[in-house]
Amino acid sequence: MAGEDAHTTGGGSPPPDPLLDLLELLAAGAPAHACDRLLARARRSARPEDRRRLDHARHLAREATGHAVRHARREADLASLVDTARELAHPARPQAALALLTRRARLLTATDLALAVLHDEETGEAVVRAADGAVGAGTQGHRIPARALPTAAAHDDPPGPFSTADLLAAPAGPPPAAGRSTADPAGAAAHTAALGALAHAESLHAVLGVPLRTDEKHLGFLYVADRAVRHFTPDEVALLRSLADLGAGALTTARLLARARTANAELERAGTRARAGLRDAIEARGAQDDLFRLALDGIGLDELLTRAARELGGAVGVHGPAGEHLAAHGRLPRATAPELDRVRLNAATTGIACPTADGTWAVPLTVRSEDVGTLLFHPDDPGTEPPEQLLLAHARTVSLLLTLRRSTATEGQIRDDLLEDLVSCDGPPPERLLARARRLSADLDRPHVVVVARPGSPAAPLVDGWAGVHARRHRGMRTVRDGLLVLLLPGDDPAARAEEVRARLAAATGAPVTAAASVSPRGAATVHRAHREAVRCLEALGALDAGGVSAAAGDLGFLGVLLADDHDVPGFVERTLGPLLDHDAARLSCLVETLEGWFRAAGSPSRAAELLHVHANTVSRRLERITHLLGPGWQRPEQALELQLALRLHRTRALLAPAPGTTASGTSAPGDLAPGTAARTATARTATARTAAAR
């Protein structure tokens with residue numbers, strides 16, 4: 001210290017102070033390496049006790065320069081964040097907002113890529129909606145299973161940020177997360193598991209994710225990732241969270257604007273349609289007034305259709321309520337009766353014009369809910385829709401003309417009431433019913449067929465409408481009794497009539513129909529008896545579990561009488577032949593067929609082998625298997641009789657049953673047969689075919 005005092009009092013310049021020089025460098029904003037060089041030179045010439053002070057000064061200088069760098073970096077980040085907010089404030093499409101958000105996130109964090117993962121409200125999955133950086137083709141649109149990522153539950157805090165320095169090396173448990181609270185290990189594990197496939201596909205190590213949320217809703221997550229191991233700082237987490245908050249608000253606004261644009265476009269289209277409809281309605285109203293005046297002045301139906309064809313631009317025709325042709329102008333394509341029935345019923349149900357397969361439009365003609373016919377229109381230009389308002393105007397005029405030409409009394413309803421009384425009376429009908437039939441010109445002296453149908457469709461108005469049209473078309477009668485449709489139709493072939501009713505009603509309703517019929521040979525006196533026989537036949541089909549088919553009373557013979565008495569036919573067949581049926585269905589064997597052949601051969605194995613076209617040893621082995629399944633007493637007369645009756649019933653059920661997996665209309669219906677029934681029916685049909693070939 002004495003040397004220092006002497007030097008100071010000697011009047012020379014003060015010695016250099018390295019700490020003062022260091023402060024000057026820091027004030028000038030010099031980089032850290034300049035400060036290090038200064039302190040290194042001073043340390044070489046300093047005393048040992050002063051070196052500790054210099055080392056501490058270097059440490060403080062490094063902290064000061066670090067703070068300055070961080071402040072500069074934070075200022076740049078905040079400026080970039082302000083620029084991002086300014087860009088996001090401009091209205092944009094949702095996808096454009098996501099693209100801007102991911103690009104800014106990648107640039108602010110200096111990472112390899114950024115992803116915007118949004119929750120799909122419909123499926124519950126999370127989908128990568130936007131990606132920025134060098135990513136593979138499968139990253140955009142990558143779907144994460146529903147609920148794999150944490151979501152904000154009701155009344156709970158939304159999910160927090162997630163970060164990991166190396167996702168690929170993370171253990172099965174929650175990974176370490178820098179700058180993130182470890183209070184939510186389940187959320188960290190969820191992120192790790194959900195991003196596992198994507199991280200491996202893109203070789204991602206460092207991952208930082210923050211939630212995209214608004215005040216009301218959690219939208220998804222914004223991720224940034226690096227392909228190298230990296231620890232994210234708290235400043236980076238905070239910066240990305242601020243960016244995510246800005247992006248969530250911009251995305252919500254963009255979605256609202258997109259919905260508004262869509263709604264406005266739809267309103268514009270609706271307004272265009274409304275204006276066009278109003279214009280058509282005004283034109284149709286003027287045409288309607290002219291047409292009504294013409295109708296009241298006595299214009300004919302042919303003249304009216306000529307005018308309609310000219311104004312509508314196509315061929316026009318009118319059918320009556322029974323489907324009969326009344327008038328036409330132009331050439332209409334010929335459609336089948338079932339198709340016309342179906343389209344006419346659809347049009348009557350919906351109240352609008354309905355097209356057929358060939359482009360012909362059908363409009364129901366009604367007056368005060370009363371069916372007066374159908375207007376058919378086929379445009380000259382196929383594939384174009386008709387002018388609806390003008391078509392309806394012509395339909396109303398045609399309805400008025402037909403109503404004026406009809407009697408106020410409804411003959412069809414009176415005829416249906418007559419059928420109800422005929423099937424209700426027990427015994428010969430009284431003279432008053434016969435007199436009513438004569439007044440209605442109902443020629444019941446010639447043969448008629450009574451058809452009883454059980455429709456599978458619950459739409460009673462649809463069935464009743466079809467029955468009314470069918471009865472009028474054939475000059476018959478119809479009624480509903482005990483939930484069954486009853487038709488009285490001219491003819492002497494009950495099987496053909498039953499199948500016709502079943503097929504057409506099934507085609508019109510789209511549901512299976514079971515029908516039975518019986519002939520009434522001597523007019524009104526035998527209608528009641530024919531009705532009872534048809535009902536018994538229908539009950540027999542039900543006992544045989546033969547739904548969706550048709551039959552006549554004579555087709556079942558004594559079985560029709562036997563099976564209508566509530567006998568448990570399926571149970572009897574199951575108890576008697578169940579082991580054989582199960583064996584044939586499981587192993588595709590022919591034990592039932594062999595048993596039938598053995599009975600036809602009067603118990604001779606060799607003769608049975610000839611009938612079955614197999615070797616006698618094969619028959620012997622099958623008989624041994626039958627004995628094993630049925631027991632040693634199956635050849636005794638009592639059990640043999642039961643077996644023969646069960647075989648006959650089983651064969652009859654197989655012949656009456658529809659093909660497995662189809663309805664009466666021929667469409668597939670896998671649920672129509674109980675489990676195991678389809679296989680047994682197939683086995684029975686195979687046995688039937690083989691037996692027929694043997695015969």
# chains A, B, ... in the order shown; residues from 1 in each chain; ligands from 1
$ select_by_dssp --residues "range 420-636 of chain A" --states "strand (DSSP E)" --output "MDAnalysis selection string"
chainID A and resid 448:455 477:481 484:490 513:520 550:552
$ write_last_selection --atoms "N, CA and C atoms" --output "PDB file, in the first residue's frame"
ATOM      1  N   HIS A 448    -115.789 -66.700 -57.680  1.00  0.00           N
ATOM      2  CA  HIS A 448    -114.924 -65.666 -57.117  1.00  0.00           C
ATOM      3  C   HIS A 448    -113.894 -66.312 -56.199  1.00  0.00           C
ATOM      4  N   VAL A 449    -112.829 -65.565 -55.932  1.00  0.00           N
ATOM      5  CA  VAL A 449    -111.759 -66.028 -55.047  1.00  0.00           C
ATOM      6  C   VAL A 449    -111.679 -65.080 -53.863  1.00  0.00           C
ATOM      7  N   VAL A 450    -111.670 -65.657 -52.663  1.00  0.00           N
ATOM      8  CA  VAL A 450    -111.464 -64.879 -51.446  1.00  0.00           C
ATOM      9  C   VAL A 450    -109.986 -64.985 -51.067  1.00  0.00           C
ATOM     10  N   VAL A 451    -109.294 -63.831 -51.034  1.00  0.00           N
ATOM     11  CA  VAL A 451    -107.873 -63.777 -50.674  1.00  0.00           C
ATOM     12  C   VAL A 451    -107.756 -63.087 -49.319  1.00  0.00           C
ATOM     13  N   VAL A 452    -107.067 -63.730 -48.383  1.00  0.00           N
ATOM     14  CA  VAL A 452    -106.801 -63.166 -47.062  1.00  0.00           C
ATOM     15  C   VAL A 452    -105.291 -62.971 -46.957  1.00  0.00           C
ATOM     16  N   ALA A 453    -104.864 -61.746 -46.675  1.00  0.00           N
ATOM     17  CA  ALA A 453    -103.434 -61.403 -46.648  1.00  0.00           C
ATOM     18  C   ALA A 453    -103.067 -60.787 -45.315  1.00  0.00           C
ATOM     19  N   ARG A 454    -101.866 -61.126 -44.858  1.00  0.00           N
ATOM     20  CA  ARG A 454    -101.303 -60.517 -43.653  1.00  0.00           C
ATOM     21  C   ARG A 454    -100.082 -59.702 -44.074  1.00  0.00           C
ATOM     22  N   PRO A 455    -100.248 -58.376 -44.261  1.00  0.00           N
ATOM     23  CA  PRO A 455     -99.102 -57.556 -44.708  1.00  0.00           C
ATOM     24  C   PRO A 455     -98.111 -57.340 -43.587  1.00  0.00           C
ATOM     25  N   MET A 477    -114.045 -56.494 -54.473  1.00  0.00           N
ATOM     26  CA  MET A 477    -114.357 -55.823 -53.218  1.00  0.00           C
ATOM     27  C   MET A 477    -113.207 -56.060 -52.245  1.00  0.00           C
ATOM     28  N   ARG A 478    -113.128 -55.206 -51.255  1.00  0.00           N
ATOM     29  CA  ARG A 478    -112.080 -55.382 -50.253  1.00  0.00           C
ATOM     30  C   ARG A 478    -112.573 -54.856 -48.916  1.00  0.00           C
ATOM     31  N   THR A 479    -112.038 -55.449 -47.820  1.00  0.00           N
ATOM     32  CA  THR A 479    -112.332 -55.009 -46.467  1.00  0.00           C
ATOM     33  C   THR A 479    -111.196 -55.460 -45.569  1.00  0.00           C
ATOM     34  N   VAL A 480    -111.214 -55.005 -44.332  1.00  0.00           N
ATOM     35  CA  VAL A 480    -110.217 -55.401 -43.335  1.00  0.00           C
ATOM     36  C   VAL A 480    -110.960 -56.022 -42.168  1.00  0.00           C
ATOM     37  N   ARG A 481    -110.530 -57.242 -41.794  1.00  0.00           N
ATOM     38  CA  ARG A 481    -111.225 -57.968 -40.736  1.00  0.00           C
ATOM     39  C   ARG A 481    -110.194 -58.643 -39.852  1.00  0.00           C
ATOM     40  N   LEU A 484    -106.614 -58.488 -40.848  1.00  0.00           N
ATOM     41  CA  LEU A 484    -106.241 -59.131 -42.102  1.00  0.00           C
ATOM     42  C   LEU A 484    -106.950 -58.432 -43.259  1.00  0.00           C
ATOM     43  N   LEU A 485    -106.254 -58.307 -44.366  1.00  0.00           N
ATOM     44  CA  LEU A 485    -106.837 -57.740 -45.576  1.00  0.00           C
ATOM     45  C   LEU A 485    -107.610 -58.833 -46.305  1.00  0.00           C
ATOM     46  N   VAL A 486    -108.879 -58.562 -46.623  1.00  0.00           N
ATOM     47  CA  VAL A 486    -109.742 -59.533 -47.300  1.00  0.00           C
ATOM     48  C   VAL A 486    -110.132 -58.948 -48.652  1.00  0.00           C
ATOM     49  N   LEU A 487    -109.903 -59.714 -49.723  1.00  0.00           N
ATOM     50  CA  LEU A 487    -110.252 -59.309 -51.084  1.00  0.00           C
ATOM     51  C   LEU A 487    -111.161 -60.357 -51.702  1.00  0.00           C
ATOM     52  N   LEU A 488    -112.196 -59.914 -52.385  1.00  0.00           N
ATOM     53  CA  LEU A 488    -113.078 -60.792 -53.166  1.00  0.00           C
ATOM     54  C   LEU A 488    -112.890 -60.415 -54.624  1.00  0.00           C
ATOM     55  N   LEU A 489    -112.273 -61.316 -55.398  1.00  0.00           N
ATOM     56  CA  LEU A 489    -111.895 -61.027 -56.772  1.00  0.00           C
ATOM     57  C   LEU A 489    -112.490 -62.077 -57.705  1.00  0.00           C
ATOM     58  N   PRO A 490    -112.933 -61.693 -58.914  1.00  0.00           N
ATOM     59  CA  PRO A 490    -113.432 -62.692 -59.875  1.00  0.00           C
ATOM     60  C   PRO A 490    -112.328 -63.667 -60.262  1.00  0.00           C
ATOM     61  N   VAL A 513     -95.285 -60.164 -47.396  1.00  0.00           N
ATOM     62  CA  VAL A 513     -96.729 -60.374 -47.263  1.00  0.00           C
ATOM     63  C   VAL A 513     -96.995 -61.871 -47.333  1.00  0.00           C
ATOM     64  N   THR A 514     -97.846 -62.366 -46.452  1.00  0.00           N
ATOM     65  CA  THR A 514     -98.304 -63.755 -46.482  1.00  0.00           C
ATOM     66  C   THR A 514     -99.768 -63.756 -46.904  1.00  0.00           C
ATOM     67  N   ALA A 515    -100.103 -64.577 -47.899  1.00  0.00           N
ATOM     68  CA  ALA A 515    -101.462 -64.564 -48.453  1.00  0.00           C
ATOM     69  C   ALA A 515    -101.959 -65.990 -48.623  1.00  0.00           C
ATOM     70  N   ALA A 516    -103.259 -66.180 -48.423  1.00  0.00           N
ATOM     71  CA  ALA A 516    -103.932 -67.468 -48.639  1.00  0.00           C
ATOM     72  C   ALA A 516    -105.259 -67.187 -49.327  1.00  0.00           C
ATOM     73  N   ALA A 517    -105.754 -68.170 -50.087  1.00  0.00           N
ATOM     74  CA  ALA A 517    -106.969 -67.950 -50.866  1.00  0.00           C
ATOM     75  C   ALA A 517    -107.786 -69.228 -50.935  1.00  0.00           C
ATOM     76  N   SER A 518    -109.081 -69.030 -51.192  1.00  0.00           N
ATOM     77  CA  SER A 518    -110.010 -70.142 -51.405  1.00  0.00           C
ATOM     78  C   SER A 518    -111.052 -69.674 -52.407  1.00  0.00           C
ATOM     79  N   VAL A 519    -111.603 -70.614 -53.163  1.00  0.00           N
ATOM     80  CA  VAL A 519    -112.547 -70.270 -54.213  1.00  0.00           C
ATOM     81  C   VAL A 519    -113.972 -70.319 -53.675  1.00  0.00           C
ATOM     82  N   SER A 520    -114.794 -69.363 -54.134  1.00  0.00           N
ATOM     83  CA  SER A 520    -116.230 -69.325 -53.806  1.00  0.00           C
ATOM     84  C   SER A 520    -116.998 -69.652 -55.081  1.00  0.00           C
ATOM     85  N   SER A 550     -97.357 -67.543 -50.399  1.00  0.00           N
ATOM     86  CA  SER A 550     -98.785 -67.622 -50.694  1.00  0.00           C
ATOM     87  C   SER A 550     -99.164 -69.074 -50.907  1.00  0.00           C
ATOM     88  N   ALA A 551    -100.422 -69.393 -50.634  1.00  0.00           N
ATOM     89  CA  ALA A 551    -100.912 -70.763 -50.810  1.00  0.00           C
ATOM     90  C   ALA A 551    -102.426 -70.718 -50.899  1.00  0.00           C
ATOM     91  N   ALA A 552    -102.990 -71.758 -51.504  1.00  0.00           N
ATOM     92  CA  ALA A 552    -104.439 -71.936 -51.551  1.00  0.00           C
ATOM     93  C   ALA A 552    -104.828 -73.035 -50.576  1.00  0.00           C
TER      94      ALA A 552
END
$ closest_residue --among "A:Ala337, A:Leu312, A:Leu305, A:Leu422" --to "Asp380 in chain A" --atoms "only C-alpha atoms"
A:Leu312
$ residues_around --residues "range 118-126 of chain A" --least-positions-apart "3" --cutoff "7 Å" --atoms "only C-alpha atoms" --output "JSON, numbers by chain"
{"A": [129, 143, 144, 145, 146, 147, 219, 220, 221]}
$ atom_distance --atom1 "CA of Val469 in chain A" --atom2 "CA of Asp416 in chain A"
12.3 Å
$ residues_around --residues "range 590-602 of chain A" --least-positions-apart "2" --cutoff "8 Å" --atoms "only C-alpha atoms" --output "ChimeraX atom specification"
/A:580-581,583-584,588,604-605,607-609,611-612,619,622-623,626,644,647,687,691
$ write_last_selection --atoms "N, CA and C atoms" --output "mmCIF file, in the first residue's frame"
data_model
loop_
_atom_site.group_PDB
_atom_site.id
_atom_site.type_symbol
_atom_site.label_atom_id
_atom_site.label_comp_id
_atom_site.auth_asym_id
_atom_site.auth_seq_id
_atom_site.Cartn_x
_atom_site.Cartn_y
_atom_site.Cartn_z
ATOM 1 N N LEU A 580 -80.896 -85.117 -35.939
ATOM 2 C CA LEU A 580 -80.499 -85.292 -37.339
ATOM 3 C C LEU A 580 -80.358 -83.943 -38.036
ATOM 4 N N LEU A 581 -81.284 -83.026 -37.758
ATOM 5 C CA LEU A 581 -81.213 -81.706 -38.391
ATOM 6 C C LEU A 581 -79.949 -80.961 -37.960
ATOM 7 N N HIS A 583 -77.146 -82.324 -36.936
ATOM 8 C CA HIS A 583 -75.989 -83.000 -37.537
ATOM 9 C C HIS A 583 -75.828 -82.612 -39.002
ATOM 10 N N ASP A 584 -76.939 -82.590 -39.745
ATOM 11 C CA ASP A 584 -76.855 -82.213 -41.167
ATOM 12 C C ASP A 584 -76.435 -80.771 -41.336
ATOM 13 N N LEU A 588 -73.018 -80.749 -42.907
ATOM 14 C CA LEU A 588 -73.464 -80.845 -44.301
ATOM 15 C C LEU A 588 -73.631 -82.305 -44.731
ATOM 16 N N SER A 604 -85.434 -101.336 -46.632
ATOM 17 C CA SER A 604 -84.392 -102.102 -47.317
ATOM 18 C C SER A 604 -83.196 -101.202 -47.585
ATOM 19 N N PRO A 605 -82.039 -101.477 -46.967
ATOM 20 C CA PRO A 605 -80.862 -100.633 -47.211
ATOM 21 C C PRO A 605 -80.408 -100.659 -48.665
ATOM 22 N N ARG A 607 -82.253 -101.212 -51.390
ATOM 23 C CA ARG A 607 -83.188 -100.442 -52.214
ATOM 24 C C ARG A 607 -83.038 -98.940 -51.928
ATOM 25 N N ALA A 608 -82.804 -98.585 -50.657
ATOM 26 C CA ALA A 608 -82.573 -97.181 -50.317
ATOM 27 C C ALA A 608 -81.318 -96.662 -50.998
ATOM 28 N N ALA A 609 -80.271 -97.496 -51.092
ATOM 29 C CA ALA A 609 -79.052 -97.071 -51.781
ATOM 30 C C ALA A 609 -79.324 -96.783 -53.247
ATOM 31 N N LEU A 611 -82.225 -95.748 -54.500
ATOM 32 C CA LEU A 611 -82.998 -94.514 -54.587
ATOM 33 C C LEU A 611 -82.122 -93.290 -54.352
ATOM 34 N N LEU A 612 -81.146 -93.433 -53.448
ATOM 35 C CA LEU A 612 -80.284 -92.297 -53.114
ATOM 36 C C LEU A 612 -79.056 -92.207 -54.003
ATOM 37 N N VAL A 619 -75.180 -96.305 -47.033
ATOM 38 C CA VAL A 619 -76.464 -96.283 -46.337
ATOM 39 C C VAL A 619 -76.334 -96.946 -44.971
ATOM 40 N N ARG A 622 -74.668 -94.614 -42.545
ATOM 41 C CA ARG A 622 -75.564 -93.527 -42.157
ATOM 42 C C ARG A 622 -76.647 -94.016 -41.199
ATOM 43 N N LEU A 623 -77.142 -95.228 -41.409
ATOM 44 C CA LEU A 623 -78.147 -95.769 -40.492
ATOM 45 C C LEU A 623 -77.556 -95.986 -39.106
ATOM 46 N N ILE A 626 -77.592 -92.668 -37.538
ATOM 47 C CA ILE A 626 -78.959 -92.324 -37.134
ATOM 48 C C ILE A 626 -79.317 -93.044 -35.841
ATOM 49 N N GLN A 644 -91.875 -90.521 -39.616
ATOM 50 C CA GLN A 644 -92.394 -90.284 -40.965
ATOM 51 C C GLN A 644 -93.257 -89.024 -41.010
ATOM 52 N N LEU A 647 -90.939 -86.067 -40.821
ATOM 53 C CA LEU A 647 -90.276 -85.860 -42.106
ATOM 54 C C LEU A 647 -91.207 -85.191 -43.099
ATOM 55 N N ALA A 687 -82.100 -81.769 -49.695
ATOM 56 C CA ALA A 687 -82.707 -83.091 -49.660
ATOM 57 C C ALA A 687 -83.872 -83.189 -50.624
ATOM 58 N N THR A 691 -84.029 -85.792 -53.686
ATOM 59 C CA THR A 691 -85.124 -86.761 -53.772
ATOM 60 C C THR A 691 -85.840 -86.660 -55.103
#
